[in-house]
Structures are given as C-alpha cells and as structure tokens.
>>> print(open('final_4.cif').read())   # mmCIF, C-alpha atoms
data_entry
loop_
_atom_site.label_atom_id
_atom_site.label_comp_id
_atom_site.auth_asym_id
_atom_site.auth_seq_id
_atom_site.Cartn_x
_atom_site.Cartn_y
_atom_site.Cartn_z
CA MET A 1 8.23 81.91 77.28
CA ASP A 2 11.00 84.45 78.00
CA THR A 3 13.08 81.76 79.64
CA VAL A 4 12.78 79.62 76.49
CA PHE A 5 14.03 82.41 74.23
CA LYS A 6 16.81 83.25 76.67
CA ALA A 7 17.90 79.62 76.88
CA LEU A 8 17.86 79.28 73.08
CA SER A 9 19.87 82.47 72.59
CA GLY A 10 23.15 80.79 73.55
CA ALA A 11 25.09 78.87 70.89
CA THR A 12 26.50 76.46 73.49
CA ARG A 13 23.03 75.69 74.80
CA ARG A 14 21.76 75.08 71.27
CA GLN A 15 24.71 72.75 70.77
CA LEU A 16 23.76 70.87 73.94
CA LEU A 17 20.22 70.47 72.58
CA ASP A 18 21.64 69.25 69.25
CA ARG A 19 23.69 66.71 71.13
CA LEU A 20 20.62 65.44 73.00
CA HIS A 21 18.63 65.41 69.78
CA SER A 22 21.09 62.98 68.24
CA SER A 23 21.47 60.96 71.44
CA ASN A 24 18.89 61.40 74.16
CA GLY A 25 19.30 60.65 77.87
CA LEU A 26 22.97 61.58 78.38
CA SER A 27 24.73 62.15 81.68
CA LEU A 28 26.67 65.31 82.51
CA GLY A 29 29.92 63.42 81.99
CA GLU A 30 28.87 62.25 78.53
CA LEU A 31 27.84 65.77 77.54
CA CYS A 32 31.11 67.26 78.85
CA ALA A 33 33.23 64.79 76.94
CA GLU A 34 32.13 66.21 73.62
CA MET A 35 31.74 69.85 74.48
CA GLY A 36 35.34 70.45 75.50
CA MET A 37 34.16 72.49 78.47
CA THR A 38 34.43 72.17 82.21
CA ARG A 39 31.77 70.30 84.10
CA GLN A 40 30.79 73.50 85.89
CA ALA A 41 30.28 75.40 82.64
CA VAL A 42 28.18 72.64 81.09
CA ALA A 43 26.19 72.20 84.31
CA LYS A 44 25.41 75.93 84.33
CA HIS A 45 24.08 75.80 80.78
CA LEU A 46 22.04 72.70 81.61
CA THR A 47 20.49 74.46 84.61
CA LEU A 48 19.25 77.24 82.31
CA LEU A 49 17.90 74.71 79.81
CA GLU A 50 16.18 72.85 82.63
CA ALA A 51 14.63 76.07 83.97
CA ALA A 52 13.22 76.70 80.49
CA ASN A 53 11.85 73.12 80.45
CA LEU A 54 13.87 72.42 77.29
CA VAL A 55 15.81 69.72 79.10
CA VAL A 56 14.21 67.24 81.49
CA VAL A 57 16.31 65.36 84.02
CA ARG A 58 15.69 61.78 85.10
CA ARG A 59 17.65 60.04 87.80
CA ARG A 60 19.34 56.69 87.24
CA GLY A 61 20.96 55.73 90.52
CA ARG A 62 23.41 58.52 91.29
CA GLU A 63 23.44 59.78 87.74
CA LYS A 64 21.25 62.45 86.21
CA LEU A 65 20.26 61.77 82.63
CA HIS A 66 19.31 64.67 80.40
CA TYR A 67 16.46 64.48 77.89
CA LEU A 68 15.60 66.96 75.17
CA ASN A 69 12.11 68.35 75.67
CA PRO A 70 10.89 70.19 72.56
CA VAL A 71 7.34 70.72 73.88
CA PRO A 72 7.90 74.40 74.89
CA ILE A 73 9.10 75.12 71.34
CA THR A 74 5.95 73.52 69.93
CA GLU A 75 3.90 75.62 72.35
CA ILE A 76 5.55 78.77 70.97
CA ALA A 77 4.86 77.61 67.42
CA ASP A 78 1.23 76.97 68.38
CA ARG A 79 0.92 80.57 69.47
CA TRP A 80 1.70 82.01 66.07
CA ILE A 81 1.09 79.15 63.68
CA GLY A 82 -2.33 77.59 63.29
CA LYS A 83 -2.79 73.85 63.28
CA TYR A 84 -3.23 73.56 59.55
CA GLU A 85 -0.60 76.07 58.62
CA ARG A 86 1.89 74.14 60.71
CA HIS A 87 1.57 71.22 58.36
CA LYS A 88 2.45 73.47 55.43
CA VAL A 89 5.40 74.94 57.33
CA ARG A 90 6.64 71.44 58.07
CA VAL A 91 6.41 70.47 54.42
CA LEU A 92 8.47 73.54 53.55
CA ALA A 93 10.98 72.78 56.32
CA ASP A 94 11.29 69.20 55.01
CA LEU A 95 11.79 70.49 51.49
CA LYS A 96 14.49 72.91 52.65
CA ARG A 97 16.25 70.16 54.55
CA GLY A 98 15.99 67.74 51.65
CA LEU A 99 17.46 70.23 49.21
CA GLU A 100 20.24 71.24 51.58
CA GLU A 101 21.18 67.65 52.35
CA ARG A 102 21.31 66.90 48.66
CA SER A 103 23.59 69.86 47.94
CA ASP A 104 25.87 68.71 50.77
CA GLY A 105 26.44 65.31 49.24
CA MET B 1 5.60 44.60 86.61
CA VAL B 2 6.62 47.52 84.52
CA LYS B 3 10.16 47.24 83.23
CA THR B 4 12.57 49.75 84.67
CA THR B 5 14.38 50.32 81.37
CA GLN B 6 15.38 53.93 80.85
CA PRO B 7 12.91 55.81 78.65
CA ASP B 8 13.91 56.81 75.12
CA THR B 9 11.80 59.93 75.21
CA VAL B 10 10.72 62.15 78.10
CA TYR B 11 8.40 65.07 77.39
CA VAL B 12 7.13 67.53 79.97
CA THR B 13 4.53 70.23 79.79
CA TYR B 14 3.14 72.47 82.51
CA ILE B 15 -0.60 72.97 82.25
CA ALA B 16 -2.82 75.39 84.17
CA THR B 17 -5.39 72.79 85.18
CA THR B 18 -6.11 70.21 87.86
CA PRO B 19 -4.80 66.62 87.80
CA LYS B 20 -8.38 65.39 87.49
CA ARG B 21 -9.11 67.45 84.38
CA CYS B 22 -5.79 66.43 82.84
CA TRP B 23 -6.59 62.76 83.50
CA THR B 24 -10.06 63.20 81.99
CA ALA B 25 -8.57 64.79 78.87
CA LEU B 26 -6.26 61.81 78.36
CA THR B 27 -8.92 59.17 78.94
CA GLN B 28 -12.13 60.46 77.33
CA SER B 29 -12.75 60.42 73.59
CA LYS B 30 -14.71 63.65 73.63
CA LEU B 31 -11.46 65.36 74.62
CA THR B 32 -8.77 63.18 73.02
CA SER B 33 -10.43 63.76 69.65
CA GLN B 34 -9.63 67.46 70.08
CA PHE B 35 -5.87 67.15 70.56
CA PHE B 36 -4.78 63.58 69.69
CA PHE B 37 -5.02 63.93 65.90
CA GLY B 38 -8.75 63.29 66.02
CA ARG B 39 -8.28 59.95 67.75
CA THR B 40 -10.65 58.40 70.27
CA VAL B 41 -9.88 56.03 73.15
CA GLU B 42 -11.65 53.02 74.61
CA SER B 43 -10.92 51.42 77.97
CA SER B 44 -12.15 51.08 81.52
CA TRP B 45 -8.68 52.45 82.45
CA GLN B 46 -8.33 49.85 85.18
CA LYS B 47 -5.13 47.93 85.65
CA GLY B 48 -5.07 44.87 83.41
CA SER B 49 -7.84 46.03 81.09
CA PRO B 50 -7.32 46.47 77.35
CA TRP B 51 -7.25 49.88 75.73
CA ILE B 52 -7.57 51.02 72.13
CA LEU B 53 -6.70 54.23 70.31
CA ARG B 54 -8.90 54.63 67.23
CA LYS B 55 -8.26 56.67 64.11
CA PRO B 56 -10.93 59.18 63.08
CA ASP B 57 -12.27 56.55 60.60
CA GLY B 58 -12.80 54.12 63.51
CA GLY B 59 -9.92 51.80 62.63
CA ALA B 60 -7.65 50.67 65.48
CA ASP B 61 -4.41 52.62 65.54
CA VAL B 62 -2.85 51.43 68.79
CA ARG B 63 -3.81 48.57 71.09
CA GLY B 64 -2.50 47.61 74.46
CA VAL B 65 -3.12 46.88 78.09
CA VAL B 66 -3.36 49.26 81.05
CA LEU B 67 -0.29 48.25 83.07
CA GLU B 68 -0.73 50.75 85.87
CA SER B 69 -3.59 53.02 86.71
CA ASP B 70 -3.69 55.44 89.61
CA PRO B 71 -6.18 58.18 88.71
CA PRO B 72 -5.58 61.08 88.42
CA ASN B 73 -1.80 60.73 88.61
CA THR B 74 -0.33 57.72 86.86
CA LEU B 75 -1.25 55.82 83.74
CA VAL B 76 1.06 53.26 82.14
CA LEU B 77 0.04 51.71 78.83
CA SER B 78 1.54 49.06 76.63
CA TRP B 79 1.54 50.29 73.06
CA ASN B 80 1.23 48.08 69.98
CA ILE B 81 0.88 49.33 66.43
CA ASP B 82 -0.48 46.22 64.71
CA TRP B 83 -1.15 47.70 61.28
CA LEU B 84 2.46 48.64 60.57
CA ASP B 85 4.40 46.15 58.49
CA PRO B 86 6.71 44.93 59.93
CA LYS B 87 4.92 45.27 63.26
CA PRO B 88 7.17 47.20 65.66
CA PRO B 89 7.93 45.67 69.08
CA GLU B 90 5.69 46.69 71.96
CA CYS B 91 6.61 49.86 73.76
CA LEU B 92 5.45 51.52 76.96
CA VAL B 93 3.91 54.93 77.31
CA THR B 94 3.51 56.49 80.72
CA TYR B 95 1.69 59.61 81.79
CA LEU B 96 2.60 61.12 85.13
CA ILE B 97 0.41 64.00 86.31
CA GLU B 98 1.81 65.88 89.29
CA PRO B 99 0.27 68.94 90.93
CA VAL B 100 2.93 71.65 91.23
CA GLY B 101 0.92 74.58 92.48
CA ASN B 102 -2.50 76.04 92.60
CA GLU B 103 -4.21 74.51 89.57
CA ILE B 104 -0.95 73.81 87.77
CA VAL B 105 0.13 70.32 86.82
CA ARG B 106 3.34 68.96 85.44
CA LEU B 107 2.51 66.30 82.86
CA THR B 108 5.38 63.96 82.01
CA MET B 109 5.01 61.58 79.08
CA THR B 110 7.64 58.93 78.58
CA GLU B 111 8.10 56.44 75.78
CA THR B 112 10.18 53.38 76.57
CA HIS B 113 11.27 50.80 74.03
CA PRO B 114 12.41 47.62 75.81
CA THR B 115 13.34 46.31 72.35
CA PRO B 116 15.26 48.77 70.17
CA VAL B 117 13.22 50.19 67.28
CA SER B 118 14.13 51.95 64.05
CA GLU B 119 15.15 55.59 64.03
CA HIS B 120 12.28 56.19 61.62
CA LEU B 121 9.73 55.03 64.18
CA LEU B 122 11.31 57.13 66.95
CA GLU B 123 11.24 60.11 64.61
CA GLY B 124 7.48 59.66 64.18
CA GLY B 125 7.04 59.90 67.94
CA ARG B 126 9.34 62.89 68.18
CA ARG B 127 7.17 64.72 65.68
CA GLY B 128 3.81 63.69 67.01
CA TRP B 129 4.08 63.84 70.80
CA PRO B 130 5.09 67.51 71.18
CA MET B 131 2.08 68.48 69.03
CA ILE B 132 -0.24 66.25 71.04
CA LEU B 133 0.99 67.58 74.38
CA SER B 134 0.95 71.18 73.23
CA GLY B 135 -2.58 70.66 71.89
CA LEU B 136 -3.64 69.12 75.20
CA LYS B 137 -2.24 72.14 77.04
CA SER B 138 -4.07 74.64 74.88
CA LEU B 139 -7.30 72.62 75.07
CA LEU B 140 -7.20 72.53 78.87
CA GLU B 141 -6.11 76.14 79.24
CA THR B 142 -8.51 77.66 76.74
CA GLY B 143 -11.24 75.51 78.25
CA GLN B 144 -12.72 74.28 74.99
CA GLY B 145 -14.63 71.10 75.63
CA LEU B 146 -14.37 71.59 79.38
CA ALA B 147 -15.57 75.01 80.51
CA ILE B 148 -17.92 75.17 77.55
CA PRO B 149 -20.56 72.44 77.75
CA THR B 150 -20.74 70.15 74.75
CA PRO B 151 -23.47 71.46 72.48
CA SER B 152 -26.47 69.16 72.34
CA PRO B 153 -27.77 68.02 68.96
CA PRO B 154 -30.36 70.28 67.37
CA GLU B 155 -33.88 69.52 68.43
CA GLU B 156 -36.28 67.85 66.09
CA PRO B 157 -38.56 70.31 64.35
CA THR B 158 -41.87 70.27 66.18
CA LYS B 159 -43.96 70.83 63.07
#
>>> encode(input="final_4.cif", output="structure tokens")
Amino acid sequence: MDTVFKALSGATRRQLLDRLHSSNGLSLGELCAEMGMTRQAVAKHLTLLEAANLVVVRRRGREKLHYLNPVPITEIADRWIGKYERHKVRVLADLKRGLEERSDG
Amino acid sequence: MVKTTQPDTVYVTYIATTPKRCWTALTQSKLTSQFFFGRTVESSWQKGSPWILRKPDGGADVRGVVLESDPPNTLVLSWNIDWLDPKPPECLVTYLIEPVGNEIVRLTMTETHPTPVSEHLLEGGRRGWPMILSGLKSLLETGQGLAIPTPSPPEEPTK
C-alpha cells in the first residue's frame, strides 16, 4: 500500500496514468512523445508505477505495452469505504464531475 | 484458437491464496455470488462447453463458451451480453492465475474486443472489474465462504 501512495505522489506519474486512462496499452515511445521527457526519465517513472502494480506491462514482440491497473486503488478504497457507501461516494463523484464539466462548457 | 489481438484492458491483483482456491472462487456460484455483484455461474468449465453468468434474479447476464481451460491457471471465456440493445460484439475475457510465492497468486484479468466497442461499454467494464477483483481478493484473504464452512439450513423443529 505504501508503494501505491508513493507512486501516486508524483505529478508526472499521475500524468502518465491519465495518459493511459485516455488511451490504454501504449509503448514507452508513445508515452514519451507526449510527455516531453527523456526516455530514461519516463522509464524510471514507469518502473515505480509498475512496482506499485498501477501499471501492468504486456509484451508485443519487442515492444512493451503499458496498461493502467486501477485495482490497487480500489483495494485502498475497499479498506476505508464499505461496499454500500462506495455507491453513494460514486454518485457524489459523478455529480461533482457533471457539475464541473457543465461549468467548463 | 484464441485470437491474439492485444487486450483493451489488463487488470492485475495479488492475492494471498493458492491457485486452486482462486480458481474455485471464479468458477463456483457459492463464491462468485459474494464478489461478482451477486452473480452466479454455470458451466462444466471444460474447453468447448457453454457458460452462463446469471443475475441475482436468475436472468442470464452473460453467455459464452469456454475457449480454454487449464485449471487452476488459465480460463478463457467468450463473453456475450445478449440483453443489451444493440447487442455488443462478442469479447474475450481471460483469467490467468500464477503462483508467485508461498500462497500468493498473481491474478491477471484481460478483456479483449476483437471488434471495437463503444467507449460507454468499455467504461462499464472499467468501473466494474476493479470492484470485482478487489472483492475477490478480500473474500479469499478474509476467508469468508472458504475458511468458514457454509452454514447449513436450520433443522426442522422436532416437535
């Protein structure tokens, strides 16, 4: 659980997760292209995310594809939020998002 | 043959259990009903046999065929949601259960859509699967339904 919090504490790593959330299964090259960072820097962040099980790697030939794995975050939520409460929290999160999206437009 | 298309979703959870118990949890209604949104399963779990996921009211939710079965490590299912209108194209769900230590397994669930599906449908999976897998983990680790024997129905009054 510590590794999850540590991995999530970096803005760049959260950005990498956002990127994978909008487009899953990207290669290192594809992730670098948008981050404006060196391959080494991105690879280092990905290693931390992988160690926290927030990113899962699958091989396609020589390439490694990166997938967002939100299960550890759900496991943390399960620790402090009961099954039924979670539904209520989700409704509130949806409401917040809906209102914020509306005010954006 | 299972298509080698890249999966759209790959979820992994580490569970303090044995591959056999993890397999049992995924394939027996007594256990699926405790973490799979109250759903039950029906199948012989042999390659080529049909399988059904039923809603708590007994209605069929998902139907498909067991495409690969290698207990307690690999299960590949075709996945059809017939009651949705329009009916989404068939997808594949795989469970890979790998031992990674003393009574620890790495469970990998992948969802593969050979035919592209709507973002809305993918979103449904993205919401549901992490809850299912996290629920499976806590069920197996807290031992409910496994370490504790299923209570038997109350006995008939003797009088």
>>> closest_atom_pairs(input="final_4.cif", of="chain A", to="chain B", cutoff="7 Å", atoms="all atoms listed in the file", output="JSON lines")
{"residue": "A:Asn24", "atom": "CA", "partner": "B:Asp8", "partner_atom": "CA", "distance": 6.8}
{"residue": "A:Tyr67", "atom": "CA", "partner": "B:Val10", "partner_atom": "CA", "distance": 6.2}
{"residue": "A:Asn69", "atom": "CA", "partner": "B:Tyr11", "partner_atom": "CA", "distance": 5.2}
{"residue": "A:Pro70", "atom": "CA", "partner": "B:Pro130", "partner_atom": "CA", "distance": 6.5}
{"residue": "A:Val71", "atom": "CA", "partner": "B:Pro130", "partner_atom": "CA", "distance": 4.8}
{"residue": "A:Thr74", "atom": "CA", "partner": "B:Pro130", "partner_atom": "CA", "distance": 6.2}
{"residue": "A:Glu75", "atom": "CA", "partner": "B:Ser134", "partner_atom": "CA", "distance": 5.4}
>>> write_last_selection(input="final_4.cif", atoms="C-alpha atoms", output="CSV table (one decimal), in the frame of the given file")
chain,number,residue,atom,x,y,z
A,24,ASN,CA,18.9,61.4,74.2
A,67,TYR,CA,16.5,64.5,77.9
A,69,ASN,CA,12.1,68.4,75.7
A,70,PRO,CA,10.9,70.2,72.6
A,71,VAL,CA,7.3,70.7,73.9
A,74,THR,CA,6.0,73.5,69.9
A,75,GLU,CA,3.9,75.6,72.4
>>> atom_distance(input="final_4.cif", atom1="CA of Pro114 (chain B)", atom2="CA of Leu77 (chain B)")
13.4 Å
>>> closest_residue(input="final_4.cif", among="A:Ala77, A:Leu54, A:Leu8, A:Leu68", to="His21 (chain A)", atoms="all atoms listed in the file")
A:Leu68
>>> residues_around(input="final_4.cif", residues="Val66 (chain B)", least_positions_apart="3", cutoff="8 Å", atoms="only C-alpha atoms", output="list of chain:residue names")
B:Trp45, B:Gln46, B:Lys47, B:Gly48, B:Ser49, B:Pro50, B:Trp51, B:Ser69, B:Leu75, B:Val76, B:Leu77, B:Ser78
>>> residues_around(input="final_4.cif", residues="Glu90 (chain B)", least_positions_apart="4", cutoff="8 Å", atoms="only C-alpha atoms", output="list in words")
Ser78, Trp79, Asn80, Ile81, His113, Pro114 and Thr115 of chain B
>>> residues_around(input="final_4.cif", residues="Asp82 (chain B)", least_positions_apart="2", cutoff="8 Å", atoms="only C-alpha atoms", output="ChimeraX atom specification")
/B:61-63,80,84-85,87-88
>>> axis_aligned_box(input="final_4.cif", around="region 56-74 of chain A", padding_each_side="5 Å", output="lines of an AutoDock Vina configuration file")
center_x = 14.7
center_y = 65.4
center_z = 80.6
size_x = 27.5
size_y = 29.4
size_z = 31.4
>>> resolve_selection(input="final_4.cif", expression="the PyMOL selection byres ((chain A and resi 27) around 7)", output="MDAnalysis selection string")
chainID A and resid 25:26 28:31 63:66
>>> atom_distance(input="final_4.cif", atom1="CA of Arg19 (chain A)", atom2="CA of Glu34 (chain A)")
8.8 Å
>>> atom_distance(input="final_4.cif", atom1="CA of Thr3 (chain A)", atom2="CA of Ala51 (chain A)")
7.3 Å
>>> closest_residue(input="final_4.cif", among="B:Leu122, B:Ala16, B:Leu107, B:Val100", to="Ser23 (chain A)", atoms="all atoms listed in the file")
B:Leu122
>>> residues_around(input="final_4.cif", residues="Pro71 (chain B)", least_positions_apart="3", cutoff="10 Å", atoms="only C-alpha atoms", output="PDB file with C-alpha atoms, in the coordinates of the input")
ATOM      1  CA  PRO B  19      -4.800  66.620  87.800  1.00  0.00           C
ATOM      2  CA  LYS B  20      -8.380  65.390  87.490  1.00  0.00           C
ATOM      3  CA  TRP B  23      -6.590  62.760  83.500  1.00  0.00           C
ATOM      4  CA  THR B  24     -10.060  63.200  81.990  1.00  0.00           C
ATOM      5  CA  TRP B  45      -8.680  52.450  82.450  1.00  0.00           C
ATOM      6  CA  GLN B  46      -8.330  49.850  85.180  1.00  0.00           C
ATOM      7  CA  GLU B  68      -0.730  50.750  85.870  1.00  0.00           C
ATOM      8  CA  THR B  74      -0.330  57.720  86.860  1.00  0.00           C
ATOM      9  CA  LEU B  75      -1.250  55.820  83.740  1.00  0.00           C
ATOM     10  CA  LEU B  96       2.600  61.120  85.130  1.00  0.00           C
ATOM     11  CA  ILE B  97       0.410  64.000  86.310  1.00  0.00           C
TER      12      ILE B  97
END
>>> residues_near_point(input="final_4.cif", point="(-8.0, 54.8, 63.6)", cutoff="12 Å", atoms="only C-alpha atoms", output="ChimeraX atom specification")
/B:33,36-42,52-63,81-83
>>> closest_residue(input="final_4.cif", among="A:Arg79, A:Lys6, A:Lys96, A:Val91", to="Leu48 (chain A)", atoms="all atoms listed in the file")
A:Lys6
>>> build_atoms(input="final_4.cif", residues="region 6-25 of chain B", atoms="N, CA, C and O atoms", output="PDB file, in the frame of the given file")
ATOM      1  N   GLN B   6      15.402  52.479  80.997  1.00  0.00           N
ATOM      2  CA  GLN B   6      15.380  53.930  80.850  1.00  0.00           C
ATOM      3  C   GLN B   6      14.504  54.315  79.652  1.00  0.00           C
ATOM      4  O   GLN B   6      14.558  53.664  78.619  1.00  0.00           O
ATOM      5  N   PRO B   7      13.727  55.389  79.793  1.00  0.00           N
ATOM      6  CA  PRO B   7      12.910  55.810  78.650  1.00  0.00           C
ATOM      7  C   PRO B   7      13.771  56.343  77.505  1.00  0.00           C
ATOM      8  O   PRO B   7      14.886  56.807  77.731  1.00  0.00           O
ATOM      9  N   ASP B   8      13.232  56.246  76.290  1.00  0.00           N
ATOM     10  CA  ASP B   8      13.910  56.810  75.120  1.00  0.00           C
ATOM     11  C   ASP B   8      13.528  58.273  74.955  1.00  0.00           C
ATOM     12  O   ASP B   8      14.291  59.063  74.418  1.00  0.00           O
ATOM     13  N   THR B   9      12.324  58.575  75.373  1.00  0.00           N
ATOM     14  CA  THR B   9      11.800  59.930  75.210  1.00  0.00           C
ATOM     15  C   THR B   9      11.139  60.359  76.514  1.00  0.00           C
ATOM     16  O   THR B   9      10.428  59.565  77.123  1.00  0.00           O
ATOM     17  N   VAL B  10      11.387  61.587  76.918  1.00  0.00           N
ATOM     18  CA  VAL B  10      10.720  62.150  78.100  1.00  0.00           C
ATOM     19  C   VAL B  10      10.241  63.551  77.714  1.00  0.00           C
ATOM     20  O   VAL B  10      11.051  64.402  77.384  1.00  0.00           O
ATOM     21  N   TYR B  11       8.935  63.747  77.706  1.00  0.00           N
ATOM     22  CA  TYR B  11       8.400  65.070  77.390  1.00  0.00           C
ATOM     23  C   TYR B  11       7.626  65.597  78.574  1.00  0.00           C
ATOM     24  O   TYR B  11       6.894  64.861  79.237  1.00  0.00           O
ATOM     25  N   VAL B  12       7.798  66.894  78.824  1.00  0.00           N
ATOM     26  CA  VAL B  12       7.130  67.530  79.970  1.00  0.00           C
ATOM     27  C   VAL B  12       6.414  68.783  79.519  1.00  0.00           C
ATOM     28  O   VAL B  12       6.953  69.555  78.726  1.00  0.00           O
ATOM     29  N   THR B  13       5.204  68.956  79.998  1.00  0.00           N
ATOM     30  CA  THR B  13       4.530  70.230  79.790  1.00  0.00           C
ATOM     31  C   THR B  13       3.839  70.635  81.088  1.00  0.00           C
ATOM     32  O   THR B  13       3.380  69.777  81.842  1.00  0.00           O
ATOM     33  N   TYR B  14       3.842  71.932  81.339  1.00  0.00           N
ATOM     34  CA  TYR B  14       3.140  72.470  82.510  1.00  0.00           C
ATOM     35  C   TYR B  14       1.802  73.003  82.038  1.00  0.00           C
ATOM     36  O   TYR B  14       1.738  73.747  81.058  1.00  0.00           O
ATOM     37  N   ILE B  15       0.742  72.591  82.693  1.00  0.00           N
ATOM     38  CA  ILE B  15      -0.600  72.970  82.250  1.00  0.00           C
ATOM     39  C   ILE B  15      -1.352  73.612  83.415  1.00  0.00           C
ATOM     40  O   ILE B  15      -1.354  73.072  84.527  1.00  0.00           O
ATOM     41  N   ALA B  16      -2.002  74.741  83.133  1.00  0.00           N
ATOM     42  CA  ALA B  16      -2.820  75.390  84.170  1.00  0.00           C
ATOM     43  C   ALA B  16      -4.153  74.658  84.240  1.00  0.00           C
ATOM     44  O   ALA B  16      -5.123  75.025  83.568  1.00  0.00           O
ATOM     45  N   THR B  17      -4.180  73.590  85.013  1.00  0.00           N
ATOM     46  CA  THR B  17      -5.390  72.790  85.180  1.00  0.00           C
ATOM     47  C   THR B  17      -5.240  71.940  86.444  1.00  0.00           C
ATOM     48  O   THR B  17      -4.230  72.034  87.139  1.00  0.00           O
ATOM     49  N   THR B  18      -6.222  71.107  86.710  1.00  0.00           N
ATOM     50  CA  THR B  18      -6.110  70.210  87.860  1.00  0.00           C
ATOM     51  C   THR B  18      -5.737  68.813  87.355  1.00  0.00           C
ATOM     52  O   THR B  18      -6.009  68.487  86.193  1.00  0.00           O
ATOM     53  N   PRO B  19      -5.132  67.983  88.228  1.00  0.00           N
ATOM     54  CA  PRO B  19      -4.800  66.620  87.800  1.00  0.00           C
ATOM     55  C   PRO B  19      -6.023  65.874  87.261  1.00  0.00           C
ATOM     56  O   PRO B  19      -5.940  65.155  86.272  1.00  0.00           O
ATOM     57  N   LYS B  20      -7.166  66.097  87.889  1.00  0.00           N
ATOM     58  CA  LYS B  20      -8.380  65.390  87.490  1.00  0.00           C
ATOM     59  C   LYS B  20      -8.791  65.748  86.052  1.00  0.00           C
ATOM     60  O   LYS B  20      -9.144  64.875  85.261  1.00  0.00           O
ATOM     61  N   ARG B  21      -8.730  67.046  85.734  1.00  0.00           N
ATOM     62  CA  ARG B  21      -9.110  67.450  84.380  1.00  0.00           C
ATOM     63  C   ARG B  21      -8.097  66.949  83.353  1.00  0.00           C
ATOM     64  O   ARG B  21      -8.449  66.582  82.243  1.00  0.00           O
ATOM     65  N   CYS B  22      -6.819  66.925  83.747  1.00  0.00           N
ATOM     66  CA  CYS B  22      -5.790  66.430  82.840  1.00  0.00           C
ATOM     67  C   CYS B  22      -6.007  64.935  82.580  1.00  0.00           C
ATOM     68  O   CYS B  22      -5.948  64.465  81.440  1.00  0.00           O
ATOM     69  N   TRP B  23      -6.323  64.194  83.630  1.00  0.00           N
ATOM     70  CA  TRP B  23      -6.590  62.760  83.500  1.00  0.00           C
ATOM     71  C   TRP B  23      -7.802  62.535  82.584  1.00  0.00           C
ATOM     72  O   TRP B  23      -7.775  61.682  81.696  1.00  0.00           O
ATOM     73  N   THR B  24      -8.850  63.326  82.814  1.00  0.00           N
ATOM     74  CA  THR B  24     -10.060  63.200  81.990  1.00  0.00           C
ATOM     75  C   THR B  24      -9.730  63.444  80.525  1.00  0.00           C
ATOM     76  O   THR B  24     -10.204  62.720  79.642  1.00  0.00           O
ATOM     77  N   ALA B  25      -8.901  64.460  80.259  1.00  0.00           N
ATOM     78  CA  ALA B  25      -8.570  64.790  78.870  1.00  0.00           C
ATOM     79  C   ALA B  25      -7.832  63.643  78.188  1.00  0.00           C
ATOM     80  O   ALA B  25      -7.997  63.409  76.994  1.00  0.00           O
TER      81      ALA B  25
END
